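Enquirer: Below you will find the structure I want to go over with you.
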Amino acid sequence: MKIGIIGGGASGMAAAIWAARSGNEVLLFERQSRVGRKLLATGNGRCNLSNTNLDFSNYHGEDPDFAKFALDSFPVSKTLRWFDSLGLYTVTERSGRVYPYSDQANSVVDVLRFALQQENVQILTDFEVTKARKTADGFLVESRDSQILCDKLIIACGGLAGTKLGGTMSGYQLLHSFGHHATKLRPALVQIKSSWQGCASLKGVRANCHAAIYHNGELYSESTGELQFTQYGLSGPVIFEISRDVCQGAGEWVCKLDFIPDYSADNLEYILECRRKKALPVEDFLTGILHNRLGRVLTQAAQIRGNRPASELTDAEIRDLCGIIKGFEVPLTETLGMDSAQVTAGGILTSEFDPETMESRLVSGLYACGEVLDIDGDCGGYNLQWAWSSGALAGTNAGGCV
Ligand SMILES: Cc1cc2nc3c(=O)[nH]c(=O)nc-3n(C[C@H](O)[C@H](O)[C@H](O)COP(=O)(O)OP(=O)(O)OC[C@H]3O[C@@H](n4cnc5c(N)ncnc54)[C@H](O)[C@@H]3O)c2cc1C
């Protein structure tokens with residue numbers, strides 16, 4: 001049997017390796033000049049390929065339960081054994097995040113490329129599929145200058161997020177042409193812009209904090225982890241985790257940051273009162289506790305100014321400063337959009353696919369996997385795990401090797 005797979009990203013490569021295992025002829029079409037280009041940029045170049053603390057609640061979409069079968073049949077443990085069998089050594093951090101031991105995303109792409117070669121998958125790069133349709137003989141896949149006929153077809157084109165790295169509407173358009181429908185596409189795991197001018201002066205500063213987003217005064221989402229200030233707003237894993245659908249509705253959006261989440265307000269107040277005895281100028285009062293630049297911005301925000309020693313700080317000033325450190329408010333305006341988003345929220349309706357095979361309920365012999373479907377995961381390796389699991393399931397079923 002001849003199986004065509006459109007998209008040489010994470011899910012497409014997994015699907016190709018599994019589809020080829022039972023002796024099928026497998027063709028992998030990739031529009032870019034090499035496979036796995038987006039993978040190289042994942043995890044800041046380290047590729048956070050999975051997470052051992054995976055829970056189904058880490059997944060979202062109109063029907064997140066759709067992802068259960070794939071994640072159960074090709075779970076994290078099996079994925080890690082699979083990568084081990086491909087020659088990839090991995091390391092699991094305390095947070096459960098899994099990375100290649102080499103700390104280089106390149107290693108992940110390399111072992112997948114070697115496996116594709118070993119399984120005799122034909123890789124057609126610079127091959128952008130512009131059209132695909134079902135004929136009496138199978139699926140006719142077309143690029144600008146060629147046509148190839150396949151018995152079965154897997155669409156693994158990814159989502160729209162990360163446009164510069166290959167994110168495209170292509171997968172949605174191809175599936176629309178087969179009669180499939182999509183939910184609204186939104187950027188997720190994305191930086192958020194702020195109208196607060198202070199962000200620029202803190203650009204590059206990282207802090208471990210508790211971040212809580214409020215919409216019209218009501219708690220919308222919250223998490224604890226690393227925050228990074230950017231020229232225009234807020235970024236970092238903690239922001240990615242709570243950025244889903246932020247600023248989509250009208251009204252006031254605010255992020256409240258607690259820069260010392262490990263201590264209660266009372267404890268922090270006591271610590272700062274004791275610190276008053278140190279011979280520090282007020283502008284450096286928080287130096288040694290927080291990043292210098294952040295400490296200065298927070299003392300200024302608490303209206304603590306002037307060329308005076310910290311010993312002159314009043315109890316009221318300490319209390320105000322404590323309030324600012326534990327509840328610094330940053331107004332939010334919009335997210336940075338699809339270009340810089342790590343994943344697309346929304347996608348092709350999962351109700352139109354069989355969760356146990358990834359086969360279309362509308363067109364037999366047509367499969368889809370990965371981000372093009374309406375499933376997205378939290379920050380921490382969950383999106384790539386979805387790509388491996390759904391890709392393996394689609395590949396095994398299309399290949400008839402279940
Ligand atoms: C900057 C960044 C960092 C990320 N970091 C992480 C991380 O650390 N951990 C994590 O779990 N997730 C991460 N993600 C998300 C993760 O990379 C994606 O969810 C995952 O790659 C989706 O896999 P996929 O196979 O569905 O799509 P992709 O990996 O995007 O692959 C789709 C492929 O299809 C090709 N293609 C599209 N249309 C066509 C066509 N018409 N013809 C031929 N080829 C086509 C594309 O060029 C692309 O190579 C990150 C994303 C970004 C953008």
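Residues are referred to by chain and number: the chain letter is A, B, ... according to the order shown in the structure tokens, the number counts from 1 in that chain, and ligands are numbered separately from 1 in the order shown.
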Once DSSP has gone over the backbone, tell me which residues of stretch 172-258 of chain A are in strand (DSSP E or B), as JSON, numbers by chain.
Expert: {"A": [182, 186, 187, 188, 192, 193, 194, 206, 207, 208, 209, 210, 211, 212, 213, 214, 215, 218, 219, 220, 221, 222, 223, 224, 225, 226, 227, 228, 229, 233, 234, 235, 253, 254, 255, 256, 257, 258]}
Enquirer: Using only C-alpha atoms, determine which residues lie at most 7 Å from stretch 192-207 of chain A, disregarding the query and same-chain residues fewer than 3 positions distant; provide the list as a list in words.
Expert: Glu226, Leu227, Gln228, Phe229, Thr230, Gln231, Tyr232, Gly233, Leu234, Ser235, Arg293, Leu294, Val330, Pro331, Leu332, Thr333, Glu334, Thr335 and Leu336 of chain A
Enquirer: Per residue of chain A within 7 Å of ligand 1, what are the shortest atom pair and its distance in Å to one decimal, counting only C-alpha atoms and all ligand atoms, with rows by chain and residue number, as a Markdown table?
Expert:
```
| residue | atom | partner | partner_atom_place_in_ligand_line | distance |
| --- | --- | --- | --- | --- |
| A:Ile6 | CA | ligand 1 | 43 (C) | 5.1 |
| A:Gly7 | CA | ligand 1 | 34 (O) | 3.1 |
| A:Gly8 | CA | ligand 1 | 49 (O) | 4.7 |
| A:Gly9 | CA | ligand 1 | 31 (O) | 3.2 |
| A:Ala10 | CA | ligand 1 | 25 (O) | 3.9 |
| A:Ser11 | CA | ligand 1 | 25 (O) | 3.6 |
| A:Gly12 | CA | ligand 1 | 25 (O) | 5.3 |
| A:Phe29 | CA | ligand 1 | 43 (C) | 5.0 |
| A:Glu30 | CA | ligand 1 | 44 (N) | 3.7 |
| A:Arg31 | CA | ligand 1 | 43 (C) | 3.9 |
| A:Gln32 | CA | ligand 1 | 47 (O) | 5.2 |
| A:Val35 | CA | ligand 1 | 49 (O) | 5.8 |
| A:Gly36 | CA | ligand 1 | 49 (O) | 5.6 |
| A:Arg37 | CA | ligand 1 | 49 (O) | 5.9 |
| A:Lys38 | CA | ligand 1 | 29 (O) | 5.5 |
| A:Leu39 | CA | ligand 1 | 17 (O) | 5.5 |
| A:Ala41 | CA | ligand 1 | 1 (C) | 5.3 |
| A:Thr42 | CA | ligand 1 | 5 (N) | 3.3 |
| A:Gly43 | CA | ligand 1 | 8 (O) | 3.2 |
| A:Asn44 | CA | ligand 1 | 3 (C) | 6.5 |
| A:Cys47 | CA | ligand 1 | 8 (O) | 4.7 |
| A:Asn48 | CA | ligand 1 | 8 (O) | 3.8 |
| A:Leu49 | CA | ligand 1 | 9 (N) | 5.3 |
| A:Ser50 | CA | ligand 1 | 11 (O) | 6.1 |
| A:Phe127 | CA | ligand 1 | 43 (C) | 5.7 |
| A:Glu128 | CA | ligand 1 | 42 (N) | 3.7 |
| A:Val129 | CA | ligand 1 | 42 (N) | 4.0 |
| A:Thr130 | CA | ligand 1 | 41 (N) | 5.7 |
| A:Ala156 | CA | ligand 1 | 25 (O) | 5.5 |
| A:Cys157 | CA | ligand 1 | 34 (O) | 3.6 |
| A:Gly158 | CA | ligand 1 | 27 (O) | 3.2 |
| A:Gly159 | CA | ligand 1 | 30 (O) | 6.1 |
| A:Ala161 | CA | ligand 1 | 53 (C) | 6.0 |
| A:Gly162 | CA | ligand 1 | 53 (C) | 4.0 |
| A:Leu165 | CA | ligand 1 | 53 (C) | 6.6 |
| A:Gly166 | CA | ligand 1 | 47 (O) | 4.5 |
| A:Gly167 | CA | ligand 1 | 30 (O) | 5.8 |
| A:Thr168 | CA | ligand 1 | 37 (C) | 6.0 |
| A:Ser170 | CA | ligand 1 | 38 (N) | 4.8 |
| A:Gly171 | CA | ligand 1 | 38 (N) | 5.6 |
| A:Ser340 | CA | ligand 1 | 53 (C) | 6.8 |
| A:Ala341 | CA | ligand 1 | 53 (C) | 6.1 |
| A:Gln342 | CA | ligand 1 | 51 (C) | 3.7 |
| A:Val343 | CA | ligand 1 | 15 (C) | 5.3 |
| A:Cys369 | CA | ligand 1 | 26 (O) | 6.4 |
| A:Gly370 | CA | ligand 1 | 26 (O) | 3.5 |
| A:Glu371 | CA | ligand 1 | 26 (O) | 3.8 |
| A:Val372 | CA | ligand 1 | 26 (O) | 5.9 |
| A:Cys379 | CA | ligand 1 | 10 (C) | 6.8 |
| A:Gly380 | CA | ligand 1 | 9 (N) | 5.8 |
| A:Gly381 | CA | ligand 1 | 11 (O) | 3.2 |
| A:Tyr382 | CA | ligand 1 | 11 (O) | 4.6 |
| A:Asn383 | CA | ligand 1 | 11 (O) | 3.8 |
| A:Leu384 | CA | ligand 1 | 11 (O) | 3.6 |
| A:Gln385 | CA | ligand 1 | 11 (O) | 6.1 |
| A:Ala387 | CA | ligand 1 | 23 (O) | 5.0 |
```
Enquirer: Give me, as a PyMOL selection string, all polymer residues having an atom no more than 10 Å from A:Arg113, counting only C-alpha atoms and skipping those fewer than 2 positions away in the same chain.
Expert: chain A and resi 8+13+17+34-36+86+107-111+115-119+121+123
Enquirer: Within 10 Å of A:Asp262, counting only C-alpha atoms, which residues qualify if same-chain residues fewer than 6 places away don't, as a list in words?
Expert: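 Neighbouring residues, sequence-local ones excluded: Asn208, Cys209, His210 and Leu268 of chain A.
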Enquirer: Excluding same-chain residues fewer than 5 positions from A:Ser243, what lies within 9 Å of it counting only C-alpha atoms, as a PyMOL selection string?
Expert: chain A and resi 187-192+213+221+238+335
Enquirer: Store the residues picked out above, limited to N, CA and C atoms, as a compact mmCIF listing (two decimals), in the first residue's frame.
Expert:
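Resulting contents of out.txt:
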```txt
# COMPACT_ATOMS: atom_id res chain seq x y z
N PRO A 187 -4.26 32.32 18.89
CA PRO A 187 -2.90 32.03 19.34
C PRO A 187 -2.91 31.58 20.81
N ALA A 188 -2.15 30.55 21.14
CA ALA A 188 -2.01 30.12 22.54
C ALA A 188 -0.53 29.95 22.85
N LEU A 189 -0.18 29.89 24.12
CA LEU A 189 1.22 29.88 24.56
C LEU A 189 1.94 31.04 23.87
N VAL A 190 1.54 32.24 24.25
CA VAL A 190 1.97 33.42 23.50
C VAL A 190 2.28 34.58 24.47
N GLN A 191 3.17 35.47 24.03
CA GLN A 191 3.50 36.65 24.82
C GLN A 191 2.30 37.59 24.86
N ILE A 192 2.23 38.40 25.94
CA ILE A 192 1.11 39.34 26.04
C ILE A 192 1.67 40.77 26.10
N ILE A 213 -4.16 36.44 36.04
CA ILE A 213 -4.80 37.37 35.10
C ILE A 213 -6.26 37.60 35.53
N SER A 221 -7.18 33.41 35.00
CA SER A 221 -6.24 32.28 34.97
C SER A 221 -5.04 32.63 35.84
N VAL A 238 5.43 31.01 32.59
CA VAL A 238 4.25 31.27 33.43
C VAL A 238 3.19 32.05 32.64
N THR A 335 -2.49 39.89 22.79
CA THR A 335 -1.39 38.93 22.69
C THR A 335 -0.56 39.28 21.45
```
Enquirer: How many Å lie between atom CA of A:Leu257 and atom CA of A:Asp376, rounded to one decimal?
Expert: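 Those two atoms sit 25.6 Å apart.
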Enquirer: Which is closer to A:Ile155 than all the others in A:Leu393, A:Val26, A:Leu313, A:Ile5, using only C-alpha atoms?
Expert: A:Ile5
